[in-house]
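Participant: A single structure is presented below for examination.
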Amino acid sequence: MKSQVFRFMIVLLVFQTAMFSQTKDMALIKGSRYIPLYGRDSTVVAVKDFEMDVYPVSNASYLEFLKENPKWQKSQALRLFTDKMYLANYKSDLELKDSENLQSPATYVSWFAAKAYCECQGKRLPTVDEWEYVAMADENTTDARVKPEYNKRILAWYEAPKKEKIIGDSPKNIWGVYDLHGLVWEWTLDFNSVLITGESRKDTDQDNNLFCGSAAVNATDLMNYAAFMRYATRGSLKAKYSMKNLGFRCVKDIDTAAKNEL
C-alpha cells in the first residue's frame with residue numbers, strides 16, 4: 001500500500017512539474033487583479049496566468065520566420081497587411097541592411113505580421129492589460145507605479161536619444177522579463193481598443209475598430225505621463241503600420257484545463 005502511494009506521489013509530482021514547467025525563453029506571469037491607469041470603464045481588471053517572452057522578438061528570430069514564411073517577405077507581403085515602410089531595414093527579402101544588428105529587436109513590422117509570427121510559434125500577442133500588468137513591475141516588486149523613481153526612470157528612457165538597440169541591455173523586472181521600457185514600443189493584440197467605447201469592445205462585429213485611431217483617452221491618473229505616452233502611441237496606430245521604434249513580443253496561455261483536471 002505504501003509503495004502504491006509513493007508511486008502515485010511520484011507520478012503526481014512529475015505531472016505537476018511538466019504542467020508548470022517554463023517554456024524556453026518565457027517567464028511565467030502569475031495573474032491577479034489590478035487597476036489600469038487609463039481608459040477603462042471598470043476600475044479593476046483581472047489578468048489570468050500566462051507566459052511572456054523574456055525578450056522582444058529579435059531581428060535574427062524574425063529572419064528565420066521570413067525564411068519559413070515567404071508570404072511575409074518584403075517583396076511578397078500583401079499591402080492589405082503592410083505599408084510601404086514594412087521591413088524598411090532590409091535590403092532584400094532575406095538580408096538586413098549592414099547597419100542592422102541581428103540581436104536588435106525586430107522593427108518595421110506591422111501588427112498583422114507580428115500576429116502571424118506569434119501564431120507560428122504557437123503563441124499570440126499580449127493584450128494591453130497583460131502587457132501593462134507585467135510592465136508595471138520593477139526589479140523588486142510587481143507594482144512599482146507608486147514609486148516616483150520608477151516613473152522618472154521610464155520617462156528618462158523614453159526621452160533619451162535612441163542609440164543602437166540591443167536586446168537584454170536593461171535590467172530584468174521581478175518577473176524575469178527584459179526591455180519592456182526604453183528599447184522600443186511594442187504591439188499588443190488589442191493595441192488601441194482602450195480608445196473605443198465600452199459597447200464597441202463588447203461587440204465582436206467591431207473588430208475593425210482595432211485598425212484605426214479613435215476617441216480621446218480617459219485618464220485615471222494624469223500624472224503618469226509614461227503610461228499616457230504608451231496609450232497615446234497605441235491609439236495613433238493602424239494595423240498595417242510599420243515603424244522604426246515599434247517591435248513586439250509574444251505570450252502564451254496557461255493550460256487551465258490541465259490545471260482543473262489536477
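Identifiers for the C-alpha cells are assigned positionally: chains receive A, B, ... in sequence, residues are indexed from 1 per chain, and ligands are indexed from 1 in the order shown.
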Taking only segment 69-167 of chain A into account, list the residues labelled helix (DSSP H, G or I) by DSSP (computed from the backbone), as a PyMOL selection string.

Facilitator: chain A and resi 70-72+111-120+128-135+148-159

Participant: What's the 10 Å shell around segment 130-137 of chain A, counting only C-alpha atoms, without same-chain residues fewer than 2 positions away, as a PDB file with N, CA, C and O atoms, in the first residue's frame?

Facilitator:
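Heads up, here's the output in selection_17.pdb:
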```pdb
ATOM      1  N   ILE A  29       3.971  34.365 -15.691  1.00  0.00           N
ATOM      2  CA  ILE A  29       3.364  35.537 -15.069  1.00  0.00           C
ATOM      3  C   ILE A  29       2.139  35.088 -14.282  1.00  0.00           C
ATOM      4  O   ILE A  29       1.189  34.552 -14.855  1.00  0.00           O
ATOM      5  N   LYS A  30       2.182  35.257 -12.980  1.00  0.00           N
ATOM      6  CA  LYS A  30       1.050  34.892 -12.134  1.00  0.00           C
ATOM      7  C   LYS A  30       0.018  36.020 -12.171  1.00  0.00           C
ATOM      8  O   LYS A  30       0.301  37.148 -11.757  1.00  0.00           O
ATOM      9  N   GLY A  31      -1.140  35.723 -12.667  1.00  0.00           N
ATOM     10  CA  GLY A  31      -2.171  36.737 -12.837  1.00  0.00           C
ATOM     11  C   GLY A  31      -2.743  37.227 -11.516  1.00  0.00           C
ATOM     12  O   GLY A  31      -2.583  36.603 -10.471  1.00  0.00           O
ATOM     13  N   SER A  32      -3.439  38.352 -11.592  1.00  0.00           N
ATOM     14  CA  SER A  32      -4.081  38.936 -10.412  1.00  0.00           C
ATOM     15  C   SER A  32      -5.049  40.011 -10.911  1.00  0.00           C
ATOM     16  O   SER A  32      -5.290  40.141 -12.118  1.00  0.00           O
ATOM     17  N   ARG A  33      -5.590  40.757  -9.988  1.00  0.00           N
ATOM     18  CA  ARG A  33      -6.447  41.886 -10.322  1.00  0.00           C
ATOM     19  C   ARG A  33      -5.646  43.169 -10.150  1.00  0.00           C
ATOM     20  O   ARG A  33      -4.882  43.298  -9.195  1.00  0.00           O
ATOM     21  N   TYR A  34      -5.789  44.097 -11.105  1.00  0.00           N
ATOM     22  CA  TYR A  34      -5.050  45.351 -10.995  1.00  0.00           C
ATOM     23  C   TYR A  34      -5.891  46.489 -11.552  1.00  0.00           C
ATOM     24  O   TYR A  34      -6.882  46.268 -12.254  1.00  0.00           O
ATOM     25  N   ILE A  35      -5.484  47.701 -11.228  1.00  0.00           N
ATOM     26  CA  ILE A  35      -6.201  48.894 -11.695  1.00  0.00           C
ATOM     27  C   ILE A  35      -5.392  49.538 -12.812  1.00  0.00           C
ATOM     28  O   ILE A  35      -4.304  50.056 -12.575  1.00  0.00           O
ATOM     29  N   PRO A  36      -5.873  49.497 -14.056  1.00  0.00           N
ATOM     30  CA  PRO A  36      -5.169  50.164 -15.163  1.00  0.00           C
ATOM     31  C   PRO A  36      -5.183  51.675 -14.951  1.00  0.00           C
ATOM     32  O   PRO A  36      -6.101  52.215 -14.330  1.00  0.00           O
ATOM     33  N   LEU A  37      -4.202  52.337 -15.494  1.00  0.00           N
ATOM     34  CA  LEU A  37      -4.125  53.789 -15.326  1.00  0.00           C
ATOM     35  C   LEU A  37      -5.013  54.534 -16.298  1.00  0.00           C
ATOM     36  O   LEU A  37      -5.395  55.665 -16.050  1.00  0.00           O
ATOM     37  N   VAL A  45      -9.259  45.234 -13.282  1.00  0.00           N
ATOM     38  CA  VAL A  45      -9.169  44.257 -14.375  1.00  0.00           C
ATOM     39  C   VAL A  45      -8.497  42.997 -13.851  1.00  0.00           C
ATOM     40  O   VAL A  45      -7.479  43.069 -13.144  1.00  0.00           O
ATOM     41  N   ALA A  46      -9.054  41.847 -14.178  1.00  0.00           N
ATOM     42  CA  ALA A  46      -8.464  40.569 -13.788  1.00  0.00           C
ATOM     43  C   ALA A  46      -7.585  40.048 -14.924  1.00  0.00           C
ATOM     44  O   ALA A  46      -8.020  39.980 -16.072  1.00  0.00           O
ATOM     45  N   VAL A  47      -6.363  39.703 -14.600  1.00  0.00           N
ATOM     46  CA  VAL A  47      -5.428  39.126 -15.561  1.00  0.00           C
ATOM     47  C   VAL A  47      -5.152  37.690 -15.148  1.00  0.00           C
ATOM     48  O   VAL A  47      -4.795  37.421 -13.995  1.00  0.00           O
ATOM     49  N   LYS A  48      -5.339  36.758 -16.076  1.00  0.00           N
ATOM     50  CA  LYS A  48      -5.098  35.345 -15.790  1.00  0.00           C
ATOM     51  C   LYS A  48      -3.610  35.019 -15.914  1.00  0.00           C
ATOM     52  O   LYS A  48      -2.837  35.774 -16.498  1.00  0.00           O
ATOM     53  N   ASP A  49      -3.219  33.873 -15.364  1.00  0.00           N
ATOM     54  CA  ASP A  49      -1.838  33.407 -15.515  1.00  0.00           C
ATOM     55  C   ASP A  49      -1.512  33.238 -17.001  1.00  0.00           C
ATOM     56  O   ASP A  49      -2.350  32.784 -17.784  1.00  0.00           O
ATOM     57  N   PHE A  50      -0.301  33.580 -17.376  1.00  0.00           N
ATOM     58  CA  PHE A  50       0.160  33.373 -18.751  1.00  0.00           C
ATOM     59  C   PHE A  50       1.677  33.395 -18.769  1.00  0.00           C
ATOM     60  O   PHE A  50       2.322  33.688 -17.754  1.00  0.00           O
ATOM     61  N   GLU A  51       2.249  33.051 -19.896  1.00  0.00           N
ATOM     62  CA  GLU A  51       3.696  33.145 -20.086  1.00  0.00           C
ATOM     63  C   GLU A  51       3.998  34.250 -21.086  1.00  0.00           C
ATOM     64  O   GLU A  51       3.261  34.445 -22.046  1.00  0.00           O
ATOM     65  N   MET A  52       5.095  34.957 -20.853  1.00  0.00           N
ATOM     66  CA  MET A  52       5.510  36.043 -21.745  1.00  0.00           C
ATOM     67  C   MET A  52       6.955  35.832 -22.169  1.00  0.00           C
ATOM     68  O   MET A  52       7.795  35.401 -21.367  1.00  0.00           O
ATOM     69  N   LEU A 125       0.004  37.608 -29.546  1.00  0.00           N
ATOM     70  CA  LEU A 125       0.403  38.897 -28.994  1.00  0.00           C
ATOM     71  C   LEU A 125      -0.257  39.104 -27.634  1.00  0.00           C
ATOM     72  O   LEU A 125      -1.364  38.621 -27.400  1.00  0.00           O
ATOM     73  N   PRO A 126       0.397  39.818 -26.723  1.00  0.00           N
ATOM     74  CA  PRO A 126      -0.234  40.097 -25.427  1.00  0.00           C
ATOM     75  C   PRO A 126      -1.346  41.128 -25.573  1.00  0.00           C
ATOM     76  O   PRO A 126      -1.307  41.979 -26.464  1.00  0.00           O
ATOM     77  N   THR A 127      -2.337  41.042 -24.705  1.00  0.00           N
ATOM     78  CA  THR A 127      -3.337  42.108 -24.655  1.00  0.00           C
ATOM     79  C   THR A 127      -2.707  43.336 -24.003  1.00  0.00           C
ATOM     80  O   THR A 127      -1.654  43.252 -23.359  1.00  0.00           O
ATOM     81  N   VAL A 128      -3.370  44.476 -24.145  1.00  0.00           N
ATOM     82  CA  VAL A 128      -2.907  45.685 -23.471  1.00  0.00           C
ATOM     83  C   VAL A 128      -2.795  45.440 -21.970  1.00  0.00           C
ATOM     84  O   VAL A 128      -1.801  45.811 -21.333  1.00  0.00           O
ATOM     85  N   GLU A 139      12.442  45.803 -10.624  1.00  0.00           N
ATOM     86  CA  GLU A 139      13.274  44.661 -10.254  1.00  0.00           C
ATOM     87  C   GLU A 139      12.850  43.992  -8.949  1.00  0.00           C
ATOM     88  O   GLU A 139      13.199  42.834  -8.698  1.00  0.00           O
ATOM     89  N   ASN A 140      12.098  44.718  -8.120  1.00  0.00           N
ATOM     90  CA  ASN A 140      11.819  44.222  -6.772  1.00  0.00           C
ATOM     91  C   ASN A 140      10.356  44.029  -6.420  1.00  0.00           C
ATOM     92  O   ASN A 140      10.053  43.383  -5.418  1.00  0.00           O
ATOM     93  N   THR A 141       9.444  44.570  -7.202  1.00  0.00           N
ATOM     94  CA  THR A 141       8.033  44.482  -6.860  1.00  0.00           C
ATOM     95  C   THR A 141       7.181  44.371  -8.115  1.00  0.00           C
ATOM     96  O   THR A 141       7.579  44.849  -9.186  1.00  0.00           O
ATOM     97  N   THR A 142       6.014  43.730  -7.976  1.00  0.00           N
ATOM     98  CA  THR A 142       5.151  43.532  -9.142  1.00  0.00           C
ATOM     99  C   THR A 142       4.408  44.803  -9.543  1.00  0.00           C
ATOM    100  O   THR A 142       3.937  44.901 -10.669  1.00  0.00           O
ATOM    101  N   ASP A 143       4.268  45.757  -8.639  1.00  0.00           N
ATOM    102  CA  ASP A 143       3.604  47.034  -8.964  1.00  0.00           C
ATOM    103  C   ASP A 143       4.418  48.171  -8.393  1.00  0.00           C
ATOM    104  O   ASP A 143       4.320  48.506  -7.214  1.00  0.00           O
ATOM    105  N   ALA A 144       5.252  48.757  -9.243  1.00  0.00           N
ATOM    106  CA  ALA A 144       6.150  49.831  -8.816  1.00  0.00           C
ATOM    107  C   ALA A 144       5.623  51.212  -9.181  1.00  0.00           C
ATOM    108  O   ALA A 144       6.345  52.203  -9.060  1.00  0.00           O
ATOM    109  N   ARG A 145       4.385  51.290  -9.603  1.00  0.00           N
ATOM    110  CA  ARG A 145       3.867  52.565 -10.104  1.00  0.00           C
ATOM    111  C   ARG A 145       3.779  53.651  -9.039  1.00  0.00           C
ATOM    112  O   ARG A 145       3.718  54.831  -9.362  1.00  0.00           O
ATOM    113  N   VAL A 146       3.758  53.254  -7.771  1.00  0.00           N
ATOM    114  CA  VAL A 146       3.692  54.248  -6.698  1.00  0.00           C
ATOM    115  C   VAL A 146       5.063  54.843  -6.385  1.00  0.00           C
ATOM    116  O   VAL A 146       5.169  55.786  -5.609  1.00  0.00           O
ATOM    117  N   TYR A 150      10.506  55.147 -10.184  1.00  0.00           N
ATOM    118  CA  TYR A 150      10.132  54.210 -11.255  1.00  0.00           C
ATOM    119  C   TYR A 150       9.624  54.987 -12.471  1.00  0.00           C
ATOM    120  O   TYR A 150      10.071  54.774 -13.602  1.00  0.00           O
ATOM    121  N   ASN A 151       8.680  55.891 -12.240  1.00  0.00           N
ATOM    122  CA  ASN A 151       8.130  56.676 -13.349  1.00  0.00           C
ATOM    123  C   ASN A 151       9.169  57.605 -13.958  1.00  0.00           C
ATOM    124  O   ASN A 151       9.216  57.798 -15.178  1.00  0.00           O
ATOM    125  N   LYS A 172      16.275  43.131 -15.876  1.00  0.00           N
ATOM    126  CA  LYS A 172      15.023  42.383 -15.914  1.00  0.00           C
ATOM    127  C   LYS A 172      14.159  42.779 -14.722  1.00  0.00           C
ATOM    128  O   LYS A 172      14.678  43.147 -13.663  1.00  0.00           O
ATOM    129  N   ASN A 173      12.831  42.705 -14.896  1.00  0.00           N
ATOM    130  CA  ASN A 173      11.951  43.033 -13.779  1.00  0.00           C
ATOM    131  C   ASN A 173      11.743  41.799 -12.903  1.00  0.00           C
ATOM    132  O   ASN A 173      12.338  40.747 -13.140  1.00  0.00           O
ATOM    133  N   ILE A 174      10.901  41.909 -11.902  1.00  0.00           N
ATOM    134  CA  ILE A 174      10.732  40.836 -10.925  1.00  0.00           C
ATOM    135  C   ILE A 174      10.198  39.548 -11.556  1.00  0.00           C
ATOM    136  O   ILE A 174      10.414  38.455 -11.051  1.00  0.00           O
ATOM    137  N   TRP A 175       9.520  39.683 -12.706  1.00  0.00           N
ATOM    138  CA  TRP A 175       9.018  38.501 -13.414  1.00  0.00           C
ATOM    139  C   TRP A 175      10.113  37.810 -14.228  1.00  0.00           C
ATOM    140  O   TRP A 175       9.908  36.710 -14.740  1.00  0.00           O
ATOM    141  N   GLY A 176      11.245  38.500 -14.419  1.00  0.00           N
ATOM    142  CA  GLY A 176      12.298  37.963 -15.271  1.00  0.00           C
ATOM    143  C   GLY A 176      12.180  38.407 -16.713  1.00  0.00           C
ATOM    144  O   GLY A 176      12.770  37.799 -17.609  1.00  0.00           O
ATOM    145  N   VAL A 177      11.434  39.485 -16.964  1.00  0.00           N
ATOM    146  CA  VAL A 177      11.191  39.993 -18.323  1.00  0.00           C
ATOM    147  C   VAL A 177      12.046  41.236 -18.561  1.00  0.00           C
ATOM    148  O   VAL A 177      12.113  42.132 -17.708  1.00  0.00           O
ATOM    149  N   TYR A 178      12.669  41.304 -19.724  1.00  0.00           N
ATOM    150  CA  TYR A 178      13.551  42.413 -20.084  1.00  0.00           C
ATOM    151  C   TYR A 178      12.887  43.352 -21.100  1.00  0.00           C
ATOM    152  O   TYR A 178      12.028  42.948 -21.877  1.00  0.00           O
ATOM    153  N   ASP A 179      13.352  44.596 -21.087  1.00  0.00           N
ATOM    154  CA  ASP A 179      13.168  45.541 -22.205  1.00  0.00           C
ATOM    155  C   ASP A 179      11.732  45.981 -22.468  1.00  0.00           C
ATOM    156  O   ASP A 179      11.397  46.368 -23.593  1.00  0.00           O
ATOM    157  N   LEU A 180      10.875  45.959 -21.445  1.00  0.00           N
ATOM    158  CA  LEU A 180       9.521  46.470 -21.661  1.00  0.00           C
ATOM    159  C   LEU A 180       9.519  47.998 -21.779  1.00  0.00           C
ATOM    160  O   LEU A 180       8.598  48.575 -22.340  1.00  0.00           O
ATOM    161  N   HIS A 181      10.523  48.629 -21.236  1.00  0.00           N
ATOM    162  CA  HIS A 181      10.656  50.088 -21.313  1.00  0.00           C
ATOM    163  C   HIS A 181      12.029  50.451 -21.857  1.00  0.00           C
ATOM    164  O   HIS A 181      13.023  49.783 -21.575  1.00  0.00           O
ATOM    165  N   GLU A 186       5.931  48.418 -28.241  1.00  0.00           N
ATOM    166  CA  GLU A 186       5.587  47.051 -28.624  1.00  0.00           C
ATOM    167  C   GLU A 186       4.105  46.927 -28.973  1.00  0.00           C
ATOM    168  O   GLU A 186       3.251  47.506 -28.309  1.00  0.00           O
ATOM    169  N   TRP A 187       3.829  46.154 -30.025  1.00  0.00           N
ATOM    170  CA  TRP A 187       2.461  45.858 -30.421  1.00  0.00           C
ATOM    171  C   TRP A 187       1.748  45.062 -29.327  1.00  0.00           C
ATOM    172  O   TRP A 187       2.365  44.241 -28.650  1.00  0.00           O
ATOM    173  N   THR A 188       0.452  45.282 -29.204  1.00  0.00           N
ATOM    174  CA  THR A 188      -0.395  44.423 -28.382  1.00  0.00           C
ATOM    175  C   THR A 188      -1.550  43.924 -29.246  1.00  0.00           C
ATOM    176  O   THR A 188      -1.852  44.503 -30.294  1.00  0.00           O
ATOM    177  N   LEU A 189      -2.189  42.858 -28.798  1.00  0.00           N
ATOM    178  CA  LEU A 189      -3.252  42.240 -29.588  1.00  0.00           C
ATOM    179  C   LEU A 189      -4.394  43.213 -29.842  1.00  0.00           C
ATOM    180  O   LEU A 189      -4.911  43.324 -30.956  1.00  0.00           O
ATOM    181  N   ALA A 227       2.753  56.245 -18.895  1.00  0.00           N
ATOM    182  CA  ALA A 227       1.638  55.409 -19.338  1.00  0.00           C
ATOM    183  C   ALA A 227       0.813  56.126 -20.386  1.00  0.00           C
ATOM    184  O   ALA A 227       0.358  55.519 -21.359  1.00  0.00           O
ATOM    185  N   ARG A 230       2.341  55.729 -23.759  1.00  0.00           N
ATOM    186  CA  ARG A 230       2.123  54.413 -24.352  1.00  0.00           C
ATOM    187  C   ARG A 230       0.729  54.302 -24.959  1.00  0.00           C
ATOM    188  O   ARG A 230       0.564  53.845 -26.090  1.00  0.00           O
ATOM    189  N   ARG A 249       6.609  41.294 -28.818  1.00  0.00           N
ATOM    190  CA  ARG A 249       6.956  40.015 -28.199  1.00  0.00           C
ATOM    191  C   ARG A 249       5.681  39.194 -28.097  1.00  0.00           C
ATOM    192  O   ARG A 249       4.584  39.722 -28.277  1.00  0.00           O
ATOM    193  N   VAL A 251       3.154  36.063 -26.163  1.00  0.00           N
ATOM    194  CA  VAL A 251       2.754  35.434 -24.906  1.00  0.00           C
ATOM    195  C   VAL A 251       2.087  34.107 -25.213  1.00  0.00           C
ATOM    196  O   VAL A 251       1.777  33.804 -26.370  1.00  0.00           O
TER     197      VAL A 251
END
```

Participant: Using only C-alpha atoms, which protein or nucleic acid residues come within 7 Å of Tyr158 of chain A? Drop anything in the same chain fewer than 3 positions from it, and give the result as a ChimeraX atom specification.

Facilitator: /A:154-155,182

Participant: Keeping only N, CA, C and O atoms, write those residues as a PDB file, in the first residue's frame.

Facilitator:
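Result went into out27.pdb, see below:
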```pdb
ATOM      1  N   ILE A 154      11.441  55.574 -16.290  1.00  0.00           N
ATOM      2  CA  ILE A 154      10.794  55.236 -17.561  1.00  0.00           C
ATOM      3  C   ILE A 154      10.740  56.454 -18.471  1.00  0.00           C
ATOM      4  O   ILE A 154      11.046  56.387 -19.668  1.00  0.00           O
ATOM      5  N   LEU A 155      10.360  57.604 -17.912  1.00  0.00           N
ATOM      6  CA  LEU A 155      10.317  58.830 -18.715  1.00  0.00           C
ATOM      7  C   LEU A 155      11.703  59.179 -19.259  1.00  0.00           C
ATOM      8  O   LEU A 155      11.832  59.623 -20.396  1.00  0.00           O
ATOM      9  N   GLY A 182      12.067  51.491 -22.642  1.00  0.00           N
ATOM     10  CA  GLY A 182      13.340  52.069 -23.027  1.00  0.00           C
ATOM     11  C   GLY A 182      14.021  51.479 -24.236  1.00  0.00           C
ATOM     12  O   GLY A 182      15.089  51.954 -24.632  1.00  0.00           O
TER      13      GLY A 182
END
```

Participant: I'd like the interatomic distance between atom CA of Lys123 of chain A and atom CA of Ile254 of chain A, to a tenth of an Å.

Facilitator: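 Here the two named atoms are 10.7 Å from each other.
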
Participant: Figure out the distance between atom CA of Ser110 of chain A and atom CA of Leu87 of chain A, please, to one decimal in Å.

Facilitator: 9.0 Å

Participant: Hey, can you check how far atom CA of Val57 of chain A sits from atom CA of Pro105 of chain A?

Facilitator: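 Taking atom CA of Val57 of chain A and atom CA of Pro105 of chain A, their separation equals 5.7 Å.
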
Participant: In terms of the shortest atom-to-atom distance over only C-alpha atoms, which of A:Met243, A:Val109, A:Leu66, A:Ala226 is closest to Ser92 of chain A?

Facilitator: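 Smallest distance to Ser92 of chain A is found for A:Leu66.
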
Participant: From the list A:Asp169, A:Asp83, A:Asp93, A:Glu68, which residue is nearest Trp111 of chain A when using only C-alpha atoms?

Facilitator: A:Asp83

Participant: Segment 45-262 of chain A: which residues are strand (DSSP E) by DSSP, as a list in words?

Facilitator: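 Reading the DSSP output for segment 45-262 of chain A, strand (DSSP E) covers Val45, Ala46, Val47, Phe50, Glu51, Met52, Asp53, Tyr90, Lys91, Ser92, Glu95, Leu96, Trp185, Glu186, Leu246, Gly247, Val251, Lys252 and Asp253 of chain A.
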
Participant: Could you write those residues out with C-alpha atoms, as a PDB file, in the first residue's frame?

Facilitator:
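File written: again01.pdb
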```pdb
ATOM      1  CA  VAL A  45      -9.169  44.257 -14.375  1.00  0.00           C
ATOM      2  CA  ALA A  46      -8.464  40.569 -13.788  1.00  0.00           C
ATOM      3  CA  VAL A  47      -5.428  39.126 -15.561  1.00  0.00           C
ATOM      4  CA  PHE A  50       0.160  33.373 -18.751  1.00  0.00           C
ATOM      5  CA  GLU A  51       3.696  33.145 -20.086  1.00  0.00           C
ATOM      6  CA  MET A  52       5.510  36.043 -21.745  1.00  0.00           C
ATOM      7  CA  ASP A  53       8.623  36.098 -23.896  1.00  0.00           C
ATOM      8  CA  TYR A  90      16.022  45.037 -45.123  1.00  0.00           C
ATOM      9  CA  LYS A  91      17.907  45.482 -48.381  1.00  0.00           C
ATOM     10  CA  SER A  92      16.385  42.313 -49.836  1.00  0.00           C
ATOM     11  CA  GLU A  95      19.082  40.289 -45.981  1.00  0.00           C
ATOM     12  CA  LEU A  96      19.169  43.028 -43.373  1.00  0.00           C
ATOM     13  CA  TRP A 185       7.356  50.408 -28.298  1.00  0.00           C
ATOM     14  CA  GLU A 186       5.587  47.051 -28.624  1.00  0.00           C
ATOM     15  CA  LEU A 246       7.925  49.600 -32.868  1.00  0.00           C
ATOM     16  CA  GLY A 247       8.598  45.927 -32.143  1.00  0.00           C
ATOM     17  CA  VAL A 251       2.754  35.434 -24.906  1.00  0.00           C
ATOM     18  CA  LYS A 252       1.253  32.013 -24.330  1.00  0.00           C
ATOM     19  CA  ASP A 253      -1.867  30.942 -22.449  1.00  0.00           C
TER      20      ASP A 253
END
```

Participant: Rank nothing, just name the residue among A:Asn89, A:Lys152, A:Ser242, A:Cys120 nearest to Asn69 of chain A, using only C-alpha atoms.

Facilitator: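 The shortest atom-to-atom distance to Asn69 of chain A comes from A:Cys120.
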
Participant: I'd like to know which of A:Tyr86, A:Phe112, A:Phe81, A:Tyr117 is closest to Phe65 of chain A, using only C-alpha atoms.

Facilitator: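 With only C-alpha atoms as the atom set, the closest residue is A:Tyr117.
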
Participant: Counting only C-alpha atoms, what is within 9 Å of Gln103 of chain A, bar same-chain residues fewer than 2 positions away, as a list in words?

Facilitator: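 Answer for this query is Ser58, Asn59, Ala60, Ser61, Glu100, Asn101, Pro105, Ala106, Lys165, Ile166 and Ile167 of chain A.
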